[in-house]
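Enquirer: Could you have a look at this structure, given as C-alpha cells, before my questions?
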Amino acid sequence: AMVYIGDDDIVVSNHRSHGHFLAYCQDYKKLLAEIVGSPEGASKGLGGSQHLQHKNFYSNGILGGMSAVSTGMAFAEKLKKSNAIGVCFLGDGAFGEGILYETFNMASLWNIPNMYVVENNGVAQSTPIELNLAGSISDRIKAFDIKVEEIESNDIGELLPCFEKGFDYVRENRRPYCQIVNTFRLGPHSKGDDFRCEQEINRQRQNDPLVLARKYLDEADLQIIETNLSKEIEEHFANLLEAVKVQNLDEEIDTDEKLIPTHFELQKGFIESQDEELMVKHLNSILGSILEKNSQAHILGEDLTDPYGGAFKVTKGLYEKYKGRVYSSPISEAGFVGIANGMALRGLLPIVEIMFGDFSTLIVDQIINHATKFRRMYGGKVKCPIIIRTPMGGYRGYGPTHSQSMEKIFLGTPGLIVVACDLIHNQNLIWERMINAENPCLYVENKTLYGQSIKSVSEGKIEGFNVQSSSSYFPTLSLKVADLSKPSDVVILAYGGMVSMAMSVCKKIFIEEEIDVQVIVPSQISPLPQEDILNSLGSCRKVVVLEEGNERNGWGAELAAFLSENVQEKIVIKRVSGKNTIIPSSKFGEEDVLPSEDDCYSAVEKVFNHV
C-alpha cells in the first residue's frame, strides 16, 4: 500500500511497526541500528523497537494513543492547505481503547483526511476477538459516518486495488476512510503469550503475505533476496552488536537541564506597570493577541463557541473573531489533546483549554506518554510545542470533583514545563516564553484569580512591597515590605492563587509582630527553578511552603527535599497546604480542608520561634 504514499504524507504505526517502517522507507539498517540502541538508528537508539521516527513515519508503544496524534497531524496538513494525508495503522485490540472513538468522532466532524488501516488478526495479545469485542469493527466505525471497506486477504495483488481506492477517496474528499484487512497473526505478541492451536498456525503459514507475494517476483530476484540479502543483514546486525558495546548514548540523551533555554534575550522593562484589569479579561486579550500575531496558533477546548465562550469566559469572543482558528470540541479531553499533539508535531501551535483542572486526569496519557516523550525518544528530531491551560483550585464551593489542585500529578514529569498564573508576574511575558520554549507546557490558572485585578508593578514596588525579579527564562519574584537587600526572618514560598494569601500574611505579621517575611513567587513550578530559589532565599533558614493542593507528595514536599539537600546549614521548614481528603461542597467544609490565612500566619510564627 505504501506505493500510494507521497513524501509529504504521514504514516503512524503502533508497537508492531517493523513491517510498516520497512515498507515506508526500505532502510533496514536504520531499523536494526535502532533495535540494538545505536545512535545511527531511526530514533538515535533512544526509542528502540516500538518508538521509531524517520521522515514522516512515527510509532509509539501505547495502544490506541497514536490514533489521535495521527489524526491531529492530518488535521494540521488540512489547516495548512496541503494535499498531504495521514495513514494510521490499528489492530483489533485498539478497539478496546476509548480514545479511538473520541478520535473517530472528531475526524468525521472536522472532515480530517486520515486513512485508518485496521489489521484485524483476531487476537489482542493472547485474547481472541470474540472474548473482548462486542459487535463488529466495521459497524463501530460506520456509526461515526466514516466510509469503511473490508477485505480478507494477504495477497498484495488483491490488497493494492483496495488501498488505491481508499487513498483516492481520502485525497479527493478530504474525509476520513477506513480499510479493514482481516488477516492472521503468524507470530506471538511477545515471548510466551501465544496459546493458539499450532496446527492452525501452520495451516495459516501457507497464507503468509511473503509466500503469496512470490508469484509476483522473478525467481532470480527471489534467489538474491533469500541468499545474498539475508547474509548481508545478518552480517550487518552482528557488526552493529559489536559496535554498540563501545558506544555512549549520554550525549544523545536530552535531560531536563536542557528543557528551558539558558541563553535568551531578556525583555527590558517587563517588570514595569501593567494595566489594572481583571485576570479573566487579561488572559482573553493575551490569547487574542497570540491568534492575531501567530498564524500557527489554534485553540481547542470544550464549549468555546460564542456567546458562551468557555466555562470561565477566558476565550469569550475569540470563536467568532478568529473563525477557523478556535475549535469547540466534543467532551473528549484525551482525544482533542492527542489531536493537538499531532498538530504540534506538524509545526502548529495548539493551545488547549481543559474546562476544569480536575478533568486533567483524562489527559495524563497524552501528556506523559506522548507530548513529553516525542522529542526525546525520537532523538531530538521533532518538537511538540503544545500549551495546555486549565483552571485549578477551590474556594468557590464546587465540591470534590471541581475544586482540586491537580497539577501535582504532573510535577516532575520529564519534558514538561509547568507554569502557574498569578497576579504579579507579567503574564504577557510568561506566554511569550511558553511559546518560544518549544516544549509542552501546562499553564495552571487558579480559579480565584479570574475575578481579581492584576497587580501593577512600578519602579520596583507593588502594593506596598519591594519587588525584585530573577533574570531567568521564567522569572521568580521576591517581595518584602522591608528592604530586600537585608536578611529576612522567614521566607514564604508560594505560587498561583496562594500568592495573595502569602502577601497578606507577610504584611500583617510585619505590622503586628515585626517579623520580617519575604515572599518568593516562582512562575515556573516544575522543574523547580533551583538556582532562583537558593538565590532568593539568601541567608534565611526559616521557610514556610504554601500550596493549595493536599499536603502528601506535593510541591511543598519536593521543595522541602530540595532545600534539605542543598542548604548546608540547618534549615527549618513547615508546609501549609490542603488536608489529605476530599474537598466538600459546603462552605464550612471547604474552609476546613483548604489552607487559610490563619494557617499560614501560625506557620510563620512557629518557624520563627522554632516551635
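Each chain in the C-alpha cells gets a letter, A, B and so on, in the order shown; residues start at 1 in every chain, and ligands are counted from 1 in the order they appear.
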Among the residues of stretch 506-583 of chain A, find those DSSP assigns to helix (DSSP H, G or I) from the backbone and print them as JSON, numbers by chain.
Expert: {"A": [506, 507, 508, 509, 510, 511, 512, 513, 530, 531, 532, 533, 534, 535, 536, 537, 555, 556, 557, 558, 559, 560, 561, 562, 563, 564, 565, 566]}
Enquirer: Please produce a file of those selected residues containing N, CA and C atoms, as a JSON list (two decimals), in the first residue's frame.
Expert:
```json
[["chain", "number", "residue", "atom", "x", "y", "z"],
["A", 506, "CYS", "N", 2.35, 38.25, 55.09],
["A", 506, "CYS", "CA", 3.63, 38.97, 55.18],
["A", 506, "CYS", "C", 3.43, 40.38, 55.74],
["A", 507, "LYS", "N", 2.46, 41.08, 55.21],
["A", 507, "LYS", "CA", 2.21, 42.46, 55.65],
["A", 507, "LYS", "C", 1.66, 42.49, 57.07],
["A", 508, "LYS", "N", 0.71, 41.58, 57.34],
["A", 508, "LYS", "CA", 0.06, 41.56, 58.65],
["A", 508, "LYS", "C", 1.03, 41.21, 59.77],
["A", 509, "ILE", "N", 1.86, 40.21, 59.56],
["A", 509, "ILE", "CA", 2.76, 39.76, 60.63],
["A", 509, "ILE", "C", 3.92, 40.74, 60.83],
["A", 510, "PHE", "N", 4.25, 41.51, 59.79],
["A", 510, "PHE", "CA", 5.28, 42.54, 59.93],
["A", 510, "PHE", "C", 4.76, 43.69, 60.81],
["A", 511, "ILE", "N", 3.49, 44.02, 60.62],
["A", 511, "ILE", "CA", 2.90, 45.11, 61.40],
["A", 511, "ILE", "C", 2.65, 44.67, 62.84],
["A", 512, "GLU", "N", 2.10, 43.46, 63.01],
["A", 512, "GLU", "CA", 1.69, 43.02, 64.34],
["A", 512, "GLU", "C", 2.82, 42.47, 65.20],
["A", 513, "GLU", "N", 3.80, 41.80, 64.57],
["A", 513, "GLU", "CA", 4.83, 41.14, 65.36],
["A", 513, "GLU", "C", 6.26, 41.51, 64.94],
["A", 530, "GLN", "N", 15.66, 25.89, 40.70],
["A", 530, "GLN", "CA", 16.50, 25.67, 41.87],
["A", 530, "GLN", "C", 17.43, 26.85, 42.17],
["A", 531, "GLU", "N", 18.08, 27.33, 41.14],
["A", 531, "GLU", "CA", 19.03, 28.43, 41.35],
["A", 531, "GLU", "C", 18.31, 29.68, 41.83],
["A", 532, "ASP", "N", 17.16, 29.97, 41.24],
["A", 532, "ASP", "CA", 16.37, 31.14, 41.66],
["A", 532, "ASP", "C", 15.98, 31.03, 43.13],
["A", 533, "ILE", "N", 15.53, 29.85, 43.54],
["A", 533, "ILE", "CA", 15.07, 29.67, 44.91],
["A", 533, "ILE", "C", 16.21, 29.85, 45.90],
["A", 534, "LEU", "N", 17.35, 29.26, 45.61],
["A", 534, "LEU", "CA", 18.50, 29.39, 46.51],
["A", 534, "LEU", "C", 18.99, 30.84, 46.58],
["A", 535, "ASN", "N", 19.05, 31.49, 45.42],
["A", 535, "ASN", "CA", 19.49, 32.90, 45.40],
["A", 535, "ASN", "C", 18.52, 33.80, 46.16],
["A", 536, "SER", "N", 17.22, 33.58, 45.97],
["A", 536, "SER", "CA", 16.22, 34.41, 46.64],
["A", 536, "SER", "C", 16.18, 34.15, 48.14],
["A", 537, "LEU", "N", 16.47, 32.92, 48.52],
["A", 537, "LEU", "CA", 16.47, 32.56, 49.93],
["A", 537, "LEU", "C", 17.55, 33.31, 50.71],
["A", 555, "TRP", "N", 4.03, 19.74, 45.89],
["A", 555, "TRP", "CA", 5.07, 20.72, 45.54],
["A", 555, "TRP", "C", 5.90, 21.06, 46.77],
["A", 556, "GLY", "N", 5.24, 21.21, 47.90],
["A", 556, "GLY", "CA", 5.93, 21.54, 49.14],
["A", 556, "GLY", "C", 6.89, 20.45, 49.56],
["A", 557, "ALA", "N", 6.49, 19.20, 49.37],
["A", 557, "ALA", "CA", 7.37, 18.08, 49.73],
["A", 557, "ALA", "C", 8.63, 18.09, 48.87],
["A", 558, "GLU", "N", 8.48, 18.36, 47.59],
["A", 558, "GLU", "CA", 9.64, 18.43, 46.69],
["A", 558, "GLU", "C", 10.55, 19.59, 47.08],
["A", 559, "LEU", "N", 9.95, 20.73, 47.40],
["A", 559, "LEU", "CA", 10.74, 21.88, 47.82],
["A", 559, "LEU", "C", 11.49, 21.60, 49.11],
["A", 560, "ALA", "N", 10.81, 20.97, 50.06],
["A", 560, "ALA", "CA", 11.44, 20.65, 51.34],
["A", 560, "ALA", "C", 12.63, 19.71, 51.13],
["A", 561, "ALA", "N", 12.46, 18.71, 50.28],
["A", 561, "ALA", "CA", 13.55, 17.78, 49.99],
["A", 561, "ALA", "C", 14.71, 18.50, 49.32],
["A", 562, "PHE", "N", 14.38, 19.34, 48.36],
["A", 562, "PHE", "CA", 15.43, 20.09, 47.65],
["A", 562, "PHE", "C", 16.22, 20.99, 48.60],
["A", 563, "LEU", "N", 15.53, 21.74, 49.46],
["A", 563, "LEU", "CA", 16.21, 22.65, 50.38],
["A", 563, "LEU", "C", 17.04, 21.87, 51.40],
["A", 564, "SER", "N", 16.49, 20.76, 51.88],
["A", 564, "SER", "CA", 17.21, 19.96, 52.86],
["A", 564, "SER", "C", 18.51, 19.42, 52.28],
["A", 565, "GLU", "N", 18.50, 19.08, 51.00],
["A", 565, "GLU", "CA", 19.68, 18.50, 50.36],
["A", 565, "GLU", "C", 20.69, 19.55, 49.92],
["A", 566, "ASN", "N", 20.24, 20.80, 49.71],
["A", 566, "ASN", "CA", 21.12, 21.78, 49.08],
["A", 566, "ASN", "C", 21.51, 22.96, 49.96]]
```
Enquirer: Excluding same-chain residues fewer than 4 positions from A:Leu304, what lies within 10 Å of it counting only C-alpha atoms, as a PyMOL selection string?
Expert: chain A and resi 299-300+308-311+313-320+326-329+353+355
Enquirer: Fewer than 4 positions away in the same chain doesn't count, so skip those; otherwise give me all residues within 12 Å of A:Arg575, counting only C-alpha atoms, as an MDAnalysis selection string.
Expert: chainID A and resid 491:494 542:561 579 595 599:604 606:607
Enquirer: With DSSP run on the backbone, what are the strand (DSSP E or B) residues within stretch 19-236 of chain A? I'd like them as an mmCIF file with N, CA and C atoms, in the first residue's frame.
Expert:
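Dumped to out.cif:
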```cif
data_model
loop_
_atom_site.group_PDB
_atom_site.id
_atom_site.type_symbol
_atom_site.label_atom_id
_atom_site.label_comp_id
_atom_site.auth_asym_id
_atom_site.auth_seq_id
_atom_site.Cartn_x
_atom_site.Cartn_y
_atom_site.Cartn_z
ATOM 1 N N GLN A 53 10.998 6.820 14.468
ATOM 2 C CA GLN A 53 10.654 8.059 13.782
ATOM 3 C C GLN A 53 11.678 8.303 12.687
ATOM 4 N N HIS A 54 11.179 8.455 11.477
ATOM 5 C CA HIS A 54 12.056 8.705 10.336
ATOM 6 C C HIS A 54 11.249 9.436 9.277
ATOM 7 N N PHE A 57 7.412 9.205 9.311
ATOM 8 C CA PHE A 57 6.962 7.953 9.931
ATOM 9 C C PHE A 57 7.114 8.064 11.448
ATOM 10 N N TYR A 58 6.067 7.655 12.183
ATOM 11 C CA TYR A 58 6.068 7.735 13.644
ATOM 12 C C TYR A 58 5.429 6.465 14.218
ATOM 13 N N SER A 59 5.994 5.965 15.308
ATOM 14 C CA SER A 59 5.313 4.891 16.029
ATOM 15 C C SER A 59 5.509 5.078 17.525
ATOM 16 N N GLY A 86 -2.953 11.600 6.237
ATOM 17 C CA GLY A 86 -2.393 10.758 7.278
ATOM 18 C C GLY A 86 -2.838 9.319 7.079
ATOM 19 N N VAL A 87 -1.984 8.396 7.498
ATOM 20 C CA VAL A 87 -2.311 6.980 7.484
ATOM 21 C C VAL A 87 -2.014 6.429 8.870
ATOM 22 N N CYS A 88 -2.992 5.816 9.482
ATOM 23 C CA CYS A 88 -2.841 5.306 10.849
ATOM 24 C C CYS A 88 -3.133 3.814 10.877
ATOM 25 N N PHE A 89 -2.155 3.023 11.308
ATOM 26 C CA PHE A 89 -2.334 1.579 11.424
ATOM 27 C C PHE A 89 -2.862 1.223 12.806
ATOM 28 N N LEU A 90 -3.883 0.376 12.826
ATOM 29 C CA LEU A 90 -4.509 -0.077 14.070
ATOM 30 C C LEU A 90 -4.652 -1.589 14.044
ATOM 31 N N GLY A 91 -4.671 -2.189 15.228
ATOM 32 C CA GLY A 91 -5.013 -3.599 15.338
ATOM 33 C C GLY A 91 -6.388 -3.740 15.962
ATOM 34 N N ASN A 114 -7.684 11.462 6.989
ATOM 35 C CA ASN A 114 -6.856 10.422 7.588
ATOM 36 C C ASN A 114 -7.386 9.050 7.194
ATOM 37 N N MET A 115 -6.480 8.176 6.799
ATOM 38 C CA MET A 115 -6.815 6.805 6.411
ATOM 39 C C MET A 115 -6.489 5.880 7.581
ATOM 40 N N TYR A 116 -7.479 5.154 8.072
ATOM 41 C CA TYR A 116 -7.273 4.202 9.166
ATOM 42 C C TYR A 116 -7.201 2.792 8.575
ATOM 43 N N VAL A 117 -6.087 2.124 8.814
ATOM 44 C CA VAL A 117 -5.889 0.772 8.322
ATOM 45 C C VAL A 117 -5.961 -0.172 9.516
ATOM 46 N N VAL A 118 -6.985 -1.008 9.541
ATOM 47 C CA VAL A 118 -7.186 -1.922 10.664
ATOM 48 C C VAL A 118 -6.718 -3.319 10.252
ATOM 49 N N GLU A 119 -5.666 -3.772 10.890
ATOM 50 C CA GLU A 119 -5.169 -5.130 10.670
ATOM 51 C C GLU A 119 -5.820 -6.033 11.723
ATOM 52 N N ASN A 120 -6.925 -6.635 11.345
ATOM 53 C CA ASN A 120 -7.684 -7.468 12.276
ATOM 54 C C ASN A 120 -7.191 -8.902 12.193
ATOM 55 N N VAL A 123 -6.826 -11.564 17.378
ATOM 56 C CA VAL A 123 -6.367 -11.831 18.740
ATOM 57 C C VAL A 123 -5.577 -10.621 19.246
ATOM 58 N N ALA A 124 -5.986 -10.095 20.394
ATOM 59 C CA ALA A 124 -5.286 -8.975 21.019
ATOM 60 C C ALA A 124 -4.381 -9.539 22.107
ATOM 61 N N THR A 127 -5.753 -12.740 23.861
ATOM 62 C CA THR A 127 -7.201 -12.921 23.987
ATOM 63 C C THR A 127 -7.885 -12.870 22.619
ATOM 64 N N PRO A 128 -8.638 -13.912 22.244
ATOM 65 C CA PRO A 128 -9.324 -13.902 20.949
ATOM 66 C C PRO A 128 -10.401 -12.830 20.894
ATOM 67 N N LYS A 147 -16.598 6.165 6.029
ATOM 68 C CA LYS A 147 -16.699 5.124 4.998
ATOM 69 C C LYS A 147 -15.732 3.981 5.337
ATOM 70 N N VAL A 148 -16.247 2.744 5.244
ATOM 71 C CA VAL A 148 -15.461 1.571 5.626
ATOM 72 C C VAL A 148 -15.510 0.530 4.515
ATOM 73 N N GLU A 149 -14.360 -0.058 4.210
ATOM 74 C CA GLU A 149 -14.292 -1.215 3.317
ATOM 75 C C GLU A 149 -13.587 -2.338 4.056
ATOM 76 N N GLU A 150 -13.948 -3.588 3.722
ATOM 77 C CA GLU A 150 -13.410 -4.731 4.444
ATOM 78 C C GLU A 150 -12.994 -5.805 3.454
ATOM 79 N N ILE A 151 -11.836 -6.422 3.710
ATOM 80 C CA ILE A 151 -11.353 -7.489 2.839
ATOM 81 C C ILE A 151 -10.647 -8.532 3.691
ATOM 82 N N GLU A 152 -10.745 -9.791 3.280
ATOM 83 C CA GLU A 152 -9.990 -10.850 3.934
ATOM 84 C C GLU A 152 -8.995 -11.400 2.930
ATOM 85 N N TYR A 177 -11.342 7.723 6.174
ATOM 86 C CA TYR A 177 -11.716 6.476 5.489
ATOM 87 C C TYR A 177 -11.071 5.338 6.265
ATOM 88 N N CYS A 178 -11.704 4.183 6.262
ATOM 89 C CA CYS A 178 -11.141 3.040 6.971
ATOM 90 C C CYS A 178 -11.109 1.810 6.072
ATOM 91 N N GLN A 179 -9.955 1.176 6.015
ATOM 92 C CA GLN A 179 -9.798 -0.093 5.319
ATOM 93 C C GLN A 179 -9.486 -1.169 6.352
ATOM 94 N N ILE A 180 -10.394 -2.146 6.494
ATOM 95 C CA ILE A 180 -10.179 -3.263 7.410
ATOM 96 C C ILE A 180 -9.616 -4.441 6.610
ATOM 97 N N VAL A 181 -8.527 -5.009 7.096
ATOM 98 C CA VAL A 181 -7.948 -6.198 6.486
ATOM 99 C C VAL A 181 -8.021 -7.319 7.510
ATOM 100 N N ASN A 182 -8.852 -8.299 7.246
ATOM 101 C CA ASN A 182 -8.965 -9.460 8.132
ATOM 102 C C ASN A 182 -7.865 -10.451 7.770
#
```
Enquirer: In terms of the shortest atom-to-atom distance over only C-alpha atoms, which of A:Ser108, A:Thr581, A:Gln427, A:Gln452 is closest to A:Leu287?
Expert: A:Gln427
Enquirer: Using only C-alpha atoms, which of the listed residues (A:Asn173, A:Asn56, A:Ser190, A:Gln366) sits closest to A:Ile99?
Expert: A:Gln366
Enquirer: What separation in Å, quoted to one decimal, exists between atom CA of A:Pro391 and atom CA of A:Asn439?
Expert: 20.4 Å
Enquirer: Mind running stretch 220-323 of chain A against stretch 33-36 of chain A at 9 Å and telling me each contacting residue's nearest atom pair with the distance in Å (one decimal), counting only C-alpha atoms, chain and number ascending, as a Markdown table?
Expert:
```
| residue | atom | partner | partner_atom | distance |
| --- | --- | --- | --- | --- |
| A:Phe237 | CA | A:Ala33 | CA | 7.8 |
| A:Leu240 | CA | A:Ala33 | CA | 6.6 |
| A:Leu241 | CA | A:Val36 | CA | 6.5 |
| A:Val244 | CA | A:Val36 | CA | 7.1 |
```
Enquirer: Go through A:Ala213, A:Tyr443, A:Leu32, A:Ile525 one by one, measure the shortest atom-to-atom distance of each to A:Asn239 using only C-alpha atoms, and give the residue with the smallest value.
Expert: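 Closest residue, counting only C-alpha atoms: A:Leu32.
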Enquirer: Of the residues A:Ala344, A:Leu217, A:Pro385, A:His18, which is the one nearest to A:Leu31, using only C-alpha atoms?
Expert: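 With only C-alpha atoms as the atom set, the closest residue is A:His18.
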Enquirer: Quick one: distance from atom CA of A:Gly37 to atom CA of A:Ser49 in Å, one decimal?
Expert: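 Between these atoms lies a distance of 9.1 Å.
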